[in-house]
>>> print(open('target-v1.txt').read())   # compact mmCIF, C-alpha atoms
# COMPACT_ATOMS: atom_id res chain seq x y z
CA MET A 1 96.17 152.44 82.20
CA ASP A 2 94.70 152.06 78.71
CA VAL A 3 91.66 153.77 77.21
CA HIS A 4 89.45 153.03 74.23
CA GLU A 5 90.01 154.53 70.79
CA TYR A 6 87.08 156.94 71.07
CA GLN A 7 88.33 158.17 74.45
CA ALA A 8 91.83 158.72 73.07
CA LYS A 9 90.35 160.69 70.19
CA GLU A 10 88.31 162.84 72.57
CA LEU A 11 91.51 163.71 74.41
CA LEU A 12 93.43 164.39 71.21
CA ALA A 13 90.62 166.57 69.85
CA SER A 14 90.65 168.61 73.07
CA PHE A 15 94.29 169.44 72.30
CA GLY A 16 93.55 170.44 68.71
CA VAL A 17 94.30 167.20 66.85
CA ALA A 18 91.93 166.71 63.90
CA VAL A 19 89.90 163.48 64.09
CA PRO A 20 86.97 162.17 61.98
CA LYS A 21 83.48 162.72 63.35
CA GLY A 22 82.22 159.80 65.38
CA ALA A 23 79.89 158.63 68.14
CA ILE A 24 79.83 155.74 70.61
CA ALA A 25 77.04 153.14 70.60
CA PHE A 26 76.09 150.34 72.99
CA SER A 27 73.39 148.73 70.83
CA PRO A 28 72.64 148.26 67.12
CA ASP A 29 69.86 150.86 67.27
CA GLN A 30 72.21 153.37 68.86
CA ALA A 31 74.73 152.66 66.10
CA VAL A 32 72.13 153.44 63.42
CA TYR A 33 71.11 156.62 65.24
CA ALA A 34 74.76 157.65 65.44
CA ALA A 35 75.17 157.14 61.69
CA THR A 36 72.11 159.27 60.94
CA GLU A 37 73.39 162.04 63.23
CA LEU A 38 76.86 161.97 61.69
CA GLY A 39 75.45 162.18 58.17
CA GLY A 40 77.20 161.07 55.02
CA SER A 41 76.88 157.77 53.22
CA PHE A 42 79.94 155.80 54.34
CA TRP A 43 80.72 154.78 57.92
CA ALA A 44 83.15 152.61 59.86
CA VAL A 45 81.80 150.58 62.79
CA LYS A 46 84.71 149.82 65.11
CA ALA A 47 84.82 147.39 68.04
CA GLN A 48 86.17 149.14 71.14
CA ILE A 49 88.70 147.01 72.99
CA HIS A 50 92.06 147.69 74.62
CA ALA A 51 94.09 146.10 71.83
CA GLY A 52 95.29 146.80 68.34
CA ALA A 53 95.11 144.80 65.10
CA ARG A 54 91.30 144.96 65.19
CA GLY A 55 91.00 145.34 61.43
CA LYS A 56 92.80 142.06 60.74
CA ALA A 57 90.52 140.33 63.24
CA GLY A 58 87.28 141.62 61.72
CA GLY A 59 86.73 144.24 64.38
CA ILE A 60 86.23 147.10 61.90
CA LYS A 61 83.32 147.04 59.44
CA LEU A 62 82.85 149.50 56.57
CA CYS A 63 79.18 150.21 55.89
CA ARG A 64 77.28 152.08 53.16
CA THR A 65 73.72 151.69 54.46
CA TYR A 66 71.99 151.96 57.81
CA ASN A 67 71.10 148.26 57.63
CA GLU A 68 74.78 147.43 57.23
CA VAL A 69 75.58 149.61 60.25
CA ARG A 70 72.95 147.76 62.30
CA ASP A 71 74.21 144.34 61.16
CA ALA A 72 77.84 145.27 61.86
CA ALA A 73 77.04 146.49 65.38
CA LYS A 74 74.91 143.41 66.04
CA GLU A 75 77.77 141.14 64.94
CA LEU A 76 80.41 142.89 67.05
CA LEU A 77 78.58 143.72 70.28
CA GLY A 78 78.74 140.99 72.89
CA LYS A 79 81.45 138.93 71.21
CA ARG A 80 85.02 138.35 72.37
CA LEU A 81 87.35 139.73 69.76
CA VAL A 82 90.63 137.86 69.37
CA THR A 83 93.49 139.82 67.80
CA LEU A 84 97.25 139.40 67.60
CA GLN A 85 97.53 141.55 70.75
CA THR A 86 94.79 140.02 72.95
CA GLY A 87 95.94 136.44 73.22
CA PRO A 88 93.64 133.48 72.57
CA GLU A 89 91.14 134.55 75.25
CA GLY A 90 90.30 137.80 73.40
CA LYS A 91 88.57 140.83 74.89
CA PRO A 92 84.85 141.53 75.25
CA VAL A 93 83.23 144.07 72.91
CA GLN A 94 80.73 146.10 74.93
CA ARG A 95 80.59 149.20 72.72
CA VAL A 96 81.26 150.20 69.13
CA TYR A 97 82.43 153.47 67.66
CA VAL A 98 80.59 154.68 64.56
CA GLU A 99 82.74 157.04 62.51
CA THR A 100 82.48 158.80 59.18
CA ALA A 101 84.70 157.02 56.67
CA ASP A 102 86.14 159.88 54.66
CA PRO A 103 88.33 158.91 51.66
CA PHE A 104 92.06 159.49 52.06
CA GLU A 105 95.16 159.31 49.89
CA ARG A 106 97.97 158.28 52.22
CA GLU A 107 98.46 156.37 55.47
CA LEU A 108 101.25 157.44 57.82
CA TYR A 109 102.41 156.33 61.26
CA LEU A 110 102.94 158.63 64.26
CA GLY A 111 103.78 157.50 67.77
CA TYR A 112 105.09 158.80 71.09
CA VAL A 113 106.59 156.57 73.72
CA LEU A 114 108.24 157.10 77.09
CA ASP A 115 111.74 155.69 76.50
CA ARG A 116 112.72 154.69 80.03
CA LYS A 117 116.27 153.78 79.04
CA ALA A 118 116.91 157.20 77.50
CA GLU A 119 114.71 158.93 80.12
CA ARG A 120 113.17 160.89 77.28
CA VAL A 121 110.04 160.98 75.14
CA ARG A 122 110.75 159.39 71.76
CA VAL A 123 108.73 160.40 68.71
CA ILE A 124 108.48 157.75 66.01
CA ALA A 125 107.03 158.30 62.54
CA SER A 126 106.95 156.44 59.26
CA GLN A 127 105.54 156.64 55.76
CA ARG A 128 104.46 153.01 56.21
CA GLY A 129 101.20 153.72 58.03
CA GLY A 130 98.57 151.08 58.69
CA MET A 131 101.21 148.50 59.66
CA ASP A 132 102.29 147.31 63.10
CA ILE A 133 105.31 149.29 64.26
CA GLU A 134 107.05 146.03 65.20
CA GLU A 135 106.62 144.83 61.63
CA ILE A 136 108.06 148.07 60.25
CA ALA A 137 111.02 147.95 62.65
CA ALA A 138 111.75 144.32 61.74
CA ASN A 139 111.35 144.57 57.96
CA GLU A 140 112.15 148.21 57.17
CA PRO A 141 114.07 149.81 60.05
CA GLU A 142 115.28 152.53 57.72
CA ALA A 143 111.64 153.60 57.26
CA LEU A 144 111.44 154.77 60.88
CA ILE A 145 111.87 158.46 61.66
CA GLN A 146 112.88 159.00 65.28
CA VAL A 147 113.30 162.13 67.38
CA VAL A 148 114.28 162.18 71.05
CA VAL A 149 112.70 165.11 72.90
CA GLU A 150 114.79 167.16 75.31
CA PRO A 151 112.57 167.48 78.41
CA ALA A 152 113.88 170.94 79.35
CA VAL A 153 112.42 172.50 76.19
CA GLY A 154 109.95 169.92 74.87
CA LEU A 155 109.26 169.08 71.25
CA GLN A 156 110.18 172.03 69.01
CA GLN A 157 108.47 173.28 65.87
CA PHE A 158 111.57 172.69 63.75
CA GLN A 159 111.65 169.05 64.86
CA ALA A 160 107.99 168.63 63.90
CA ARG A 161 108.70 170.20 60.49
CA GLU A 162 111.65 167.86 59.92
CA ILE A 163 109.40 164.88 60.68
CA ALA A 164 106.69 166.21 58.34
CA PHE A 165 109.11 166.74 55.45
CA GLN A 166 110.66 163.28 55.97
CA LEU A 167 107.14 161.86 55.69
CA GLY A 168 107.12 163.17 52.12
CA LEU A 169 104.33 165.73 52.55
CA ASN A 170 103.83 168.81 50.41
CA ILE A 171 103.97 172.34 51.83
CA LYS A 172 100.25 172.57 52.58
CA GLN A 173 100.20 169.13 54.20
CA VAL A 174 103.34 169.93 56.22
CA SER A 175 101.55 172.82 57.92
CA ALA A 176 98.68 170.56 59.00
CA ALA A 177 101.06 167.76 60.01
CA VAL A 178 103.20 170.06 62.17
CA LYS A 179 100.09 171.19 64.03
CA THR A 180 99.06 167.57 64.55
CA ILE A 181 102.53 166.47 65.71
CA MET A 182 102.87 169.35 68.19
CA ASN A 183 99.34 169.05 69.58
CA ALA A 184 99.59 165.28 69.94
CA TYR A 185 102.85 165.77 71.86
CA ARG A 186 101.09 168.22 74.18
CA ALA A 187 98.31 165.69 74.79
CA PHE A 188 100.88 162.99 75.55
CA ARG A 189 102.89 165.22 77.89
CA ASP A 190 100.06 166.99 79.71
CA CYS A 191 98.07 163.81 80.32
CA ASP A 192 101.01 161.81 81.75
CA GLY A 193 101.00 159.43 78.81
CA THR A 194 103.38 156.50 78.45
CA MET A 195 102.36 155.63 74.89
CA LEU A 196 100.40 157.34 72.11
CA GLU A 197 100.01 155.70 68.74
CA ILE A 198 98.18 157.21 65.79
CA ASN A 199 98.07 154.50 63.16
CA PRO A 200 97.13 155.39 60.61
CA LEU A 201 97.54 159.14 60.45
CA VAL A 202 95.90 159.83 57.10
CA VAL A 203 96.20 162.60 54.52
CA THR A 204 92.97 163.39 52.67
CA LYS A 205 92.53 164.60 49.10
CA ASP A 206 91.96 168.15 50.33
CA ASP A 207 95.30 168.08 52.27
CA ARG A 208 93.82 167.55 55.74
CA VAL A 209 95.71 165.40 58.24
CA LEU A 210 93.46 163.21 60.44
CA ALA A 211 94.05 160.76 63.29
CA LEU A 212 92.10 157.83 61.86
CA ASP A 213 92.93 155.59 64.80
CA ALA A 214 94.46 156.26 68.22
CA LYS A 215 95.75 154.27 71.18
CA MET A 216 96.82 155.85 74.46
CA SER A 217 98.30 154.48 77.67
CA PHE A 218 98.88 156.44 80.85
CA ASP A 219 101.04 156.23 83.95
CA ASP A 220 98.94 154.58 86.67
CA ASN A 221 100.88 156.44 89.34
CA ALA A 222 99.82 159.82 87.91
CA MET A 223 96.09 159.14 87.76
CA PHE A 224 95.50 160.75 91.16
CA ARG A 225 96.03 164.09 89.41
CA ARG A 226 94.14 163.10 86.25
CA PRO A 227 90.69 162.16 87.62
CA GLY A 228 89.03 162.76 84.25
CA ILE A 229 91.30 160.20 82.61
CA ALA A 230 91.07 157.78 85.54
CA ASP A 231 87.29 157.77 85.09
CA MET A 232 87.81 156.46 81.54
CA HIS A 233 89.14 153.15 82.84
CA ASP A 234 87.13 150.15 81.62
CA PRO A 235 87.56 147.23 84.08
CA SER A 236 85.98 144.77 81.64
CA GLN A 237 89.09 144.98 79.44
CA GLY A 238 91.42 143.66 82.12
CA ASP A 239 91.80 140.59 84.30
CA PRO A 240 88.83 140.66 86.74
CA ARG A 241 91.17 139.45 89.47
CA GLU A 242 93.34 142.53 88.98
CA ALA A 243 90.27 144.74 89.32
CA GLN A 244 89.23 142.91 92.49
CA ALA A 245 92.75 143.25 93.87
CA ALA A 246 92.78 146.98 93.17
CA GLU A 247 89.58 147.38 95.20
CA HIS A 248 91.47 146.00 98.23
CA ASN A 249 94.69 147.93 97.50
CA LEU A 250 96.51 144.76 96.50
CA SER A 251 98.93 144.54 93.58
CA TYR A 252 98.06 141.46 91.51
CA ILE A 253 99.15 140.34 88.06
CA GLY A 254 98.04 136.98 86.71
CA LEU A 255 100.64 134.74 85.06
CA GLU A 256 100.53 131.29 83.47
CA GLY A 257 102.24 129.14 86.11
CA GLU A 258 100.95 126.75 88.79
CA ILE A 259 102.39 128.11 92.06
CA GLY A 260 100.40 130.93 93.60
CA CYS A 261 102.42 133.59 95.43
CA ILE A 262 101.34 135.73 98.40
CA VAL A 263 104.17 138.07 99.38
CA ASN A 264 104.59 141.41 101.13
CA GLY A 265 106.72 143.86 99.18
CA ALA A 266 107.20 144.13 95.42
CA GLY A 267 110.92 143.40 95.55
CA LEU A 268 110.43 140.30 97.68
CA ALA A 269 107.62 139.20 95.36
CA MET A 270 109.97 139.43 92.36
CA ALA A 271 112.67 137.52 94.26
CA THR A 272 110.12 134.85 95.21
CA MET A 273 109.09 134.41 91.60
CA ASP A 274 112.74 134.15 90.56
CA MET A 275 113.41 131.47 93.19
CA ILE A 276 110.39 129.47 92.06
CA LYS A 277 111.73 129.56 88.50
CA HIS A 278 115.20 128.61 89.77
CA ALA A 279 113.68 125.61 91.57
CA GLY A 280 112.05 124.44 88.36
CA GLY A 281 108.53 125.77 88.87
CA GLU A 282 106.38 128.49 87.32
CA PRO A 283 104.75 131.29 89.34
CA ALA A 284 101.02 131.69 88.76
CA ASN A 285 100.91 135.33 89.77
CA PHE A 286 102.59 138.38 91.19
CA LEU A 287 100.78 139.41 94.38
CA ASP A 288 102.01 142.04 96.82
CA VAL A 289 99.82 142.31 99.93
CA GLY A 290 101.71 145.41 101.04
CA GLY A 291 103.06 146.30 104.43
CA GLY A 292 100.00 145.28 106.45
CA ALA A 293 99.40 141.54 106.13
CA SER A 294 96.15 141.61 108.12
CA PRO A 295 93.82 138.56 108.18
CA GLU A 296 91.37 140.37 105.90
CA ARG A 297 94.05 141.22 103.31
CA VAL A 298 95.55 137.73 103.45
CA ALA A 299 92.09 136.15 103.07
CA THR A 300 91.42 138.32 100.02
CA ALA A 301 94.82 137.32 98.64
CA PHE A 302 93.99 133.62 99.11
CA ARG A 303 90.70 134.06 97.26
CA LEU A 304 92.42 135.84 94.37
CA VAL A 305 95.09 133.19 94.04
CA LEU A 306 92.62 130.28 94.30
CA SER A 307 90.38 131.83 91.64
CA ASP A 308 93.05 130.70 89.16
CA ARG A 309 92.23 127.06 88.38
CA ASN A 310 95.81 126.41 87.28
CA VAL A 311 97.15 126.89 90.82
CA LYS A 312 98.40 123.59 92.30
CA ALA A 313 100.21 125.03 95.36
CA ILE A 314 100.50 128.32 97.25
CA LEU A 315 103.65 129.90 98.65
CA VAL A 316 103.23 132.55 101.36
CA ASN A 317 106.47 134.48 101.85
CA ILE A 318 106.32 137.25 104.46
CA PHE A 319 109.21 139.34 105.75
CA ALA A 320 108.07 141.09 108.92
CA GLY A 321 109.60 144.47 109.56
CA ILE A 322 107.08 146.94 110.88
CA ASN A 323 104.75 143.96 111.26
CA ARG A 324 105.60 141.07 113.56
CA CYS A 325 105.78 137.43 112.50
CA ASP A 326 103.42 136.35 115.28
CA TRP A 327 100.77 138.82 114.02
CA VAL A 328 101.32 137.64 110.46
CA ALA A 329 101.11 133.98 111.48
CA GLU A 330 97.81 134.60 113.24
CA GLY A 331 96.56 136.40 110.14
CA VAL A 332 97.57 133.54 107.85
CA ILE A 333 95.90 130.96 110.12
CA GLN A 334 92.68 132.96 110.40
CA ALA A 335 92.59 133.52 106.65
CA ALA A 336 93.33 129.85 105.95
CA ARG A 337 90.39 128.87 108.13
CA GLU A 338 88.06 131.36 106.43
CA VAL A 339 88.99 130.32 102.90
CA LYS A 340 88.73 126.73 101.73
CA ILE A 341 92.25 125.86 100.58
CA ASP A 342 92.40 122.60 98.66
CA VAL A 343 96.02 122.85 97.49
CA PRO A 344 99.31 122.50 99.42
CA LEU A 345 100.22 125.63 101.39
CA VAL A 346 103.87 126.54 102.00
CA VAL A 347 104.57 129.33 104.52
CA ARG A 348 107.88 131.03 105.10
CA LEU A 349 108.25 133.78 107.72
CA ALA A 350 111.28 135.94 108.45
CA GLY A 351 111.98 139.04 110.50
CA THR A 352 110.64 140.36 113.81
CA ASN A 353 109.40 137.67 116.27
CA VAL A 354 110.00 134.92 113.72
CA GLU A 355 110.32 132.19 116.40
CA ALA A 356 106.95 133.10 117.90
CA GLY A 357 105.38 133.13 114.46
CA GLN A 358 106.78 129.71 113.58
CA LYS A 359 105.48 128.32 116.89
CA ILE A 360 101.98 129.64 116.16
CA LEU A 361 102.04 127.97 112.74
CA ALA A 362 103.29 124.67 114.21
CA GLU A 363 100.56 124.61 116.85
CA SER A 364 97.74 125.72 114.52
CA GLY A 365 96.68 122.21 113.57
CA LEU A 366 96.51 123.25 109.92
CA ASP A 367 98.11 121.19 107.19
CA LEU A 368 100.93 123.62 106.47
CA ILE A 369 104.40 123.18 105.03
CA THR A 370 106.85 125.55 106.71
CA ALA A 371 110.24 126.70 105.46
CA ASP A 372 113.11 128.69 106.98
CA THR A 373 114.69 130.18 103.85
CA LEU A 374 113.35 131.48 100.55
CA SER A 375 115.19 128.85 98.53
CA ASP A 376 113.83 126.11 100.82
CA ALA A 377 110.31 127.51 100.49
CA ALA A 378 110.54 127.66 96.70
CA ARG A 379 111.83 124.08 96.49
CA LYS A 380 109.08 122.81 98.80
CA ALA A 381 106.43 124.67 96.81
CA VAL A 382 107.66 123.12 93.56
CA ASP A 383 107.77 119.64 95.13
CA ALA A 384 104.25 120.10 96.55
CA CYS A 385 103.00 121.27 93.18
CA ASP A 386 104.52 118.26 91.41
CA ALA A 387 103.04 115.89 93.98
CA ALA A 388 99.60 117.51 93.65
CA LYS A 389 99.67 117.06 89.88
CA LYS A 390 100.59 113.38 90.22
CA ASN A 391 97.73 112.77 92.66
CA ARG A 392 95.10 114.29 90.32
>>> encode(input="target-v1.txt", output="structure tokens")
Amino acid sequence: MDVHEYQAKELLASFGVAVPKGAIAFSPDQAVYAATELGGSFWAVKAQIHAGARGKAGGIKLCRTYNEVRDAAKELLGKRLVTLQTGPEGKPVQRVYVETADPFERELYLGYVLDRKAERVRVIASQRGGMDIEEIAANEPEALIQVVVEPAVGLQQFQAREIAFQLGLNIKQVSAAVKTIMNAYRAFRDCDGTMLEINPLVVTKDDRVLALDAKMSFDDNAMFRRPGIADMHDPSQGDPREAQAAEHNLSYIGLEGEIGCIVNGAGLAMATMDMIKHAGGEPANFLDVGGGASPERVATAFRLVLSDRNVKAILVNIFAGINRCDWVAEGVIQAAREVKIDVPLVVRLAGTNVEAGQKILAESGLDLITADTLSDAARKAVDACDAAKKNR
């Protein structure tokens, strides 16, 4: 789960990380009011989306007057901002963050990531702040400072000091940087983070160290114990189909293919997608309906899949264990009758009472394509998809 910059900064500030003063605004007038409340004579108006590289895309405006703040907010609010990380569809800007733009001398990079291969938290820092970490790693790998944290003891003060000195800071700045590095680690660890990026981490003329920007991602599976963070989720920043699926306890991820998948079980769903690729097709989605393939859940799954206009065929692949194939078949038929399906439908059942389930499908009167094996189902789905494209 991702959060907006201002939310990440609120969390960091609660753990003692220094951040510039700022306020959120949902309208140009609110942006001007925020600037007057913050004081000063120089502000940054930042589009709030779940993506980086906003500055390069015109999503951050520096303003010296209230009129400029109003114009910047008016320009950003309501638009879809396209950055290097959003894809061509962009993300909607529904709020802006107005922040005091204090002058600074240096830009640094500080990041924390859950390294699943090492099963450790990895701290990454660099003197090349303000750049994408991928760009730094590709062009100047030697500029990366990396520390792997031992989970039994956590990040230690001496490790934070080593990072600070390698960043080329003076003694006074090192003290502030160590505090920032340690407190940011605590925020990452205690909030079940999977990624925290402070880019840039800036050093001011009076030797303060500030998180000028912040991105945080969290483990979805831990949000049941982090209700305050779960409440920060902004559904508008994701695929609306994924939000709709979550409401019905379905796991859905949209892809770019043409064969919609309705499967029970994440492992079987991955295998189904692999077989579609092996047969020469492209899956349009990952969709796990879970252990209970009831008519209501299957109908919702059909609606989600058919909401993708690229879908030319649907493959239903159900392995009945606790469920029974005859129950599943009845659920698929009922759902198919409730939802208008105007693309070829391939159904493959396996497991308990499979013969009874196949008989129900055969006698349903629906225009279904049945298959006995996963490879057969994938091939038939690809063939049906190709035929549908030729007929259009």
>>> residues_around(input="target-v1.txt", residues="stretch 305-310 of chain A", least_positions_apart="5", cutoff="8 Å", atoms="only C-alpha atoms", output="PyMOL selection string")
chain A and resi 241+256-258+260-261+284-285+341
>>> atom_distance(input="target-v1.txt", atom1="atom CA of A:Phe286", atom2="atom CA of A:Asn249")
13.9 Å
>>> residues_around(input="target-v1.txt", residues="stretch 361-371 of chain A", least_positions_apart="3", cutoff="12 Å", atoms="all atoms listed in the file", output="PDB file with C-alpha atoms, keeping the file's coordinate frame")
ATOM      1  CA  ALA A 313     100.210 125.030  95.360  1.00  0.00           C
ATOM      2  CA  ILE A 314     100.500 128.320  97.250  1.00  0.00           C
ATOM      3  CA  LEU A 315     103.650 129.900  98.650  1.00  0.00           C
ATOM      4  CA  VAL A 316     103.230 132.550 101.360  1.00  0.00           C
ATOM      5  CA  ASN A 317     106.470 134.480 101.850  1.00  0.00           C
ATOM      6  CA  ILE A 318     106.320 137.250 104.460  1.00  0.00           C
ATOM      7  CA  CYS A 325     105.780 137.430 112.500  1.00  0.00           C
ATOM      8  CA  ASP A 326     103.420 136.350 115.280  1.00  0.00           C
ATOM      9  CA  TRP A 327     100.770 138.820 114.020  1.00  0.00           C
ATOM     10  CA  VAL A 328     101.320 137.640 110.460  1.00  0.00           C
ATOM     11  CA  ALA A 329     101.110 133.980 111.480  1.00  0.00           C
ATOM     12  CA  GLU A 330      97.810 134.600 113.240  1.00  0.00           C
ATOM     13  CA  GLY A 331      96.560 136.400 110.140  1.00  0.00           C
ATOM     14  CA  VAL A 332      97.570 133.540 107.850  1.00  0.00           C
ATOM     15  CA  ILE A 333      95.900 130.960 110.120  1.00  0.00           C
ATOM     16  CA  GLN A 334      92.680 132.960 110.400  1.00  0.00           C
ATOM     17  CA  ALA A 335      92.590 133.520 106.650  1.00  0.00           C
ATOM     18  CA  ALA A 336      93.330 129.850 105.950  1.00  0.00           C
ATOM     19  CA  ARG A 337      90.390 128.870 108.130  1.00  0.00           C
ATOM     20  CA  LYS A 340      88.730 126.730 101.730  1.00  0.00           C
ATOM     21  CA  ILE A 341      92.250 125.860 100.580  1.00  0.00           C
ATOM     22  CA  ASP A 342      92.400 122.600  98.660  1.00  0.00           C
ATOM     23  CA  VAL A 343      96.020 122.850  97.490  1.00  0.00           C
ATOM     24  CA  PRO A 344      99.310 122.500  99.420  1.00  0.00           C
ATOM     25  CA  LEU A 345     100.220 125.630 101.390  1.00  0.00           C
ATOM     26  CA  VAL A 346     103.870 126.540 102.000  1.00  0.00           C
ATOM     27  CA  VAL A 347     104.570 129.330 104.520  1.00  0.00           C
ATOM     28  CA  ARG A 348     107.880 131.030 105.100  1.00  0.00           C
ATOM     29  CA  LEU A 349     108.250 133.780 107.720  1.00  0.00           C
ATOM     30  CA  ALA A 350     111.280 135.940 108.450  1.00  0.00           C
ATOM     31  CA  VAL A 354     110.000 134.920 113.720  1.00  0.00           C
ATOM     32  CA  GLU A 355     110.320 132.190 116.400  1.00  0.00           C
ATOM     33  CA  ALA A 356     106.950 133.100 117.900  1.00  0.00           C
ATOM     34  CA  GLY A 357     105.380 133.130 114.460  1.00  0.00           C
ATOM     35  CA  GLN A 358     106.780 129.710 113.580  1.00  0.00           C
ATOM     36  CA  LEU A 374     113.350 131.480 100.550  1.00  0.00           C
ATOM     37  CA  SER A 375     115.190 128.850  98.530  1.00  0.00           C
ATOM     38  CA  ASP A 376     113.830 126.110 100.820  1.00  0.00           C
ATOM     39  CA  ALA A 377     110.310 127.510 100.490  1.00  0.00           C
ATOM     40  CA  ALA A 378     110.540 127.660  96.700  1.00  0.00           C
ATOM     41  CA  ARG A 379     111.830 124.080  96.490  1.00  0.00           C
ATOM     42  CA  LYS A 380     109.080 122.810  98.800  1.00  0.00           C
ATOM     43  CA  ALA A 381     106.430 124.670  96.810  1.00  0.00           C
ATOM     44  CA  VAL A 382     107.660 123.120  93.560  1.00  0.00           C
ATOM     45  CA  ASP A 383     107.770 119.640  95.130  1.00  0.00           C
ATOM     46  CA  ALA A 384     104.250 120.100  96.550  1.00  0.00           C
TER      47      ALA A 384
END
>>> closest_residue(input="target-v1.txt", among="A:Leu287, A:Ala35, A:Ile49, A:Ile259", to="A:Leu81", atoms="only C-alpha atoms")
A:Ile49
>>> residues_around(input="target-v1.txt", residues="A:His50", least_positions_apart="5", cutoff="7 Å", atoms="only C-alpha atoms", output="number ranges by chain")
A: 2-4, 237
>>> residues_around(input="target-v1.txt", residues="A:Leu110", least_positions_apart="5", cutoff="9 Å", atoms="all atoms listed in the file", output="list in words")
Val123, Ile124, Ala125, Ser126, Gly129, Ile181, Leu196, Glu197, Ile198, Asn199, Pro200 and Leu201 of chain A
>>> closest_residue(input="target-v1.txt", among="A:Cys63, A:Ile136, A:Ala23, A:Met1", to="A:Tyr109", atoms="all atoms listed in the file")
A:Ile136
>>> atom_distance(input="target-v1.txt", atom1="atom CA of A:Arg95", atom2="atom CA of A:Phe218")
21.3 Å
>>> closest_residue(input="target-v1.txt", among="A:Leu12, A:Leu144, A:Ala211, A:Ala53", to="A:Asp132", atoms="only C-alpha atoms")
A:Ala53
>>> residues_around(input="target-v1.txt", residues="A:Ala143", least_positions_apart="2", cutoff="8 Å", atoms="all atoms listed in the file", output="list in words")
Ser126, Gln127, Arg128, Ile136, Ala137, Glu140, Pro141 and Ile145 of chain A
>>> closest_residue(input="target-v1.txt", among="A:Ala72, A:Leu114, A:Val96, A:Cys385", to="A:Ala25", atoms="all atoms listed in the file")
A:Val96
>>> closest_residue(input="target-v1.txt", among="A:Asp372, A:Asp71, A:Glu296, A:Asp207", to="A:Phe319", atoms="all atoms listed in the file")
A:Asp372
>>> closest_residue(input="target-v1.txt", among="A:Lys205, A:Arg303, A:Arg226, A:Lys179", to="A:Phe104", atoms="only C-alpha atoms")
A:Lys205
>>> closest_atom_pairs(input="target-v1.txt", of="stretch 92-198 of chain A", to="stretch 39-46 of chain A", cutoff="8 Å", atoms="only C-alpha atoms", output="Markdown table")
| residue | atom | partner | partner_atom | distance |
| --- | --- | --- | --- | --- |
| A:Val96 | CA | A:Lys46 | CA | 5.3 |
| A:Tyr97 | CA | A:Lys46 | CA | 5.0 |
| A:Val98 | CA | A:Val45 | CA | 4.6 |
| A:Glu99 | CA | A:Ala44 | CA | 5.2 |
| A:Thr100 | CA | A:Trp43 | CA | 4.6 |
| A:Ala101 | CA | A:Trp43 | CA | 4.7 |
| A:Asp102 | CA | A:Phe42 | CA | 7.4 |
>>> write_last_selection(input="target-v1.txt", atoms="C-alpha atoms", output="PDB file, keeping the file's coordinate frame")
ATOM      1  CA  VAL A  96      81.260 150.200  69.130  1.00  0.00           C
ATOM      2  CA  TYR A  97      82.430 153.470  67.660  1.00  0.00           C
ATOM      3  CA  VAL A  98      80.590 154.680  64.560  1.00  0.00           C
ATOM      4  CA  GLU A  99      82.740 157.040  62.510  1.00  0.00           C
ATOM      5  CA  THR A 100      82.480 158.800  59.180  1.00  0.00           C
ATOM      6  CA  ALA A 101      84.700 157.020  56.670  1.00  0.00           C
ATOM      7  CA  ASP A 102      86.140 159.880  54.660  1.00  0.00           C
TER       8      ASP A 102
END
>>> atom_distance(input="target-v1.txt", atom1="atom CA of A:Ala47", atom2="atom CA of A:Glu5")
9.2 Å
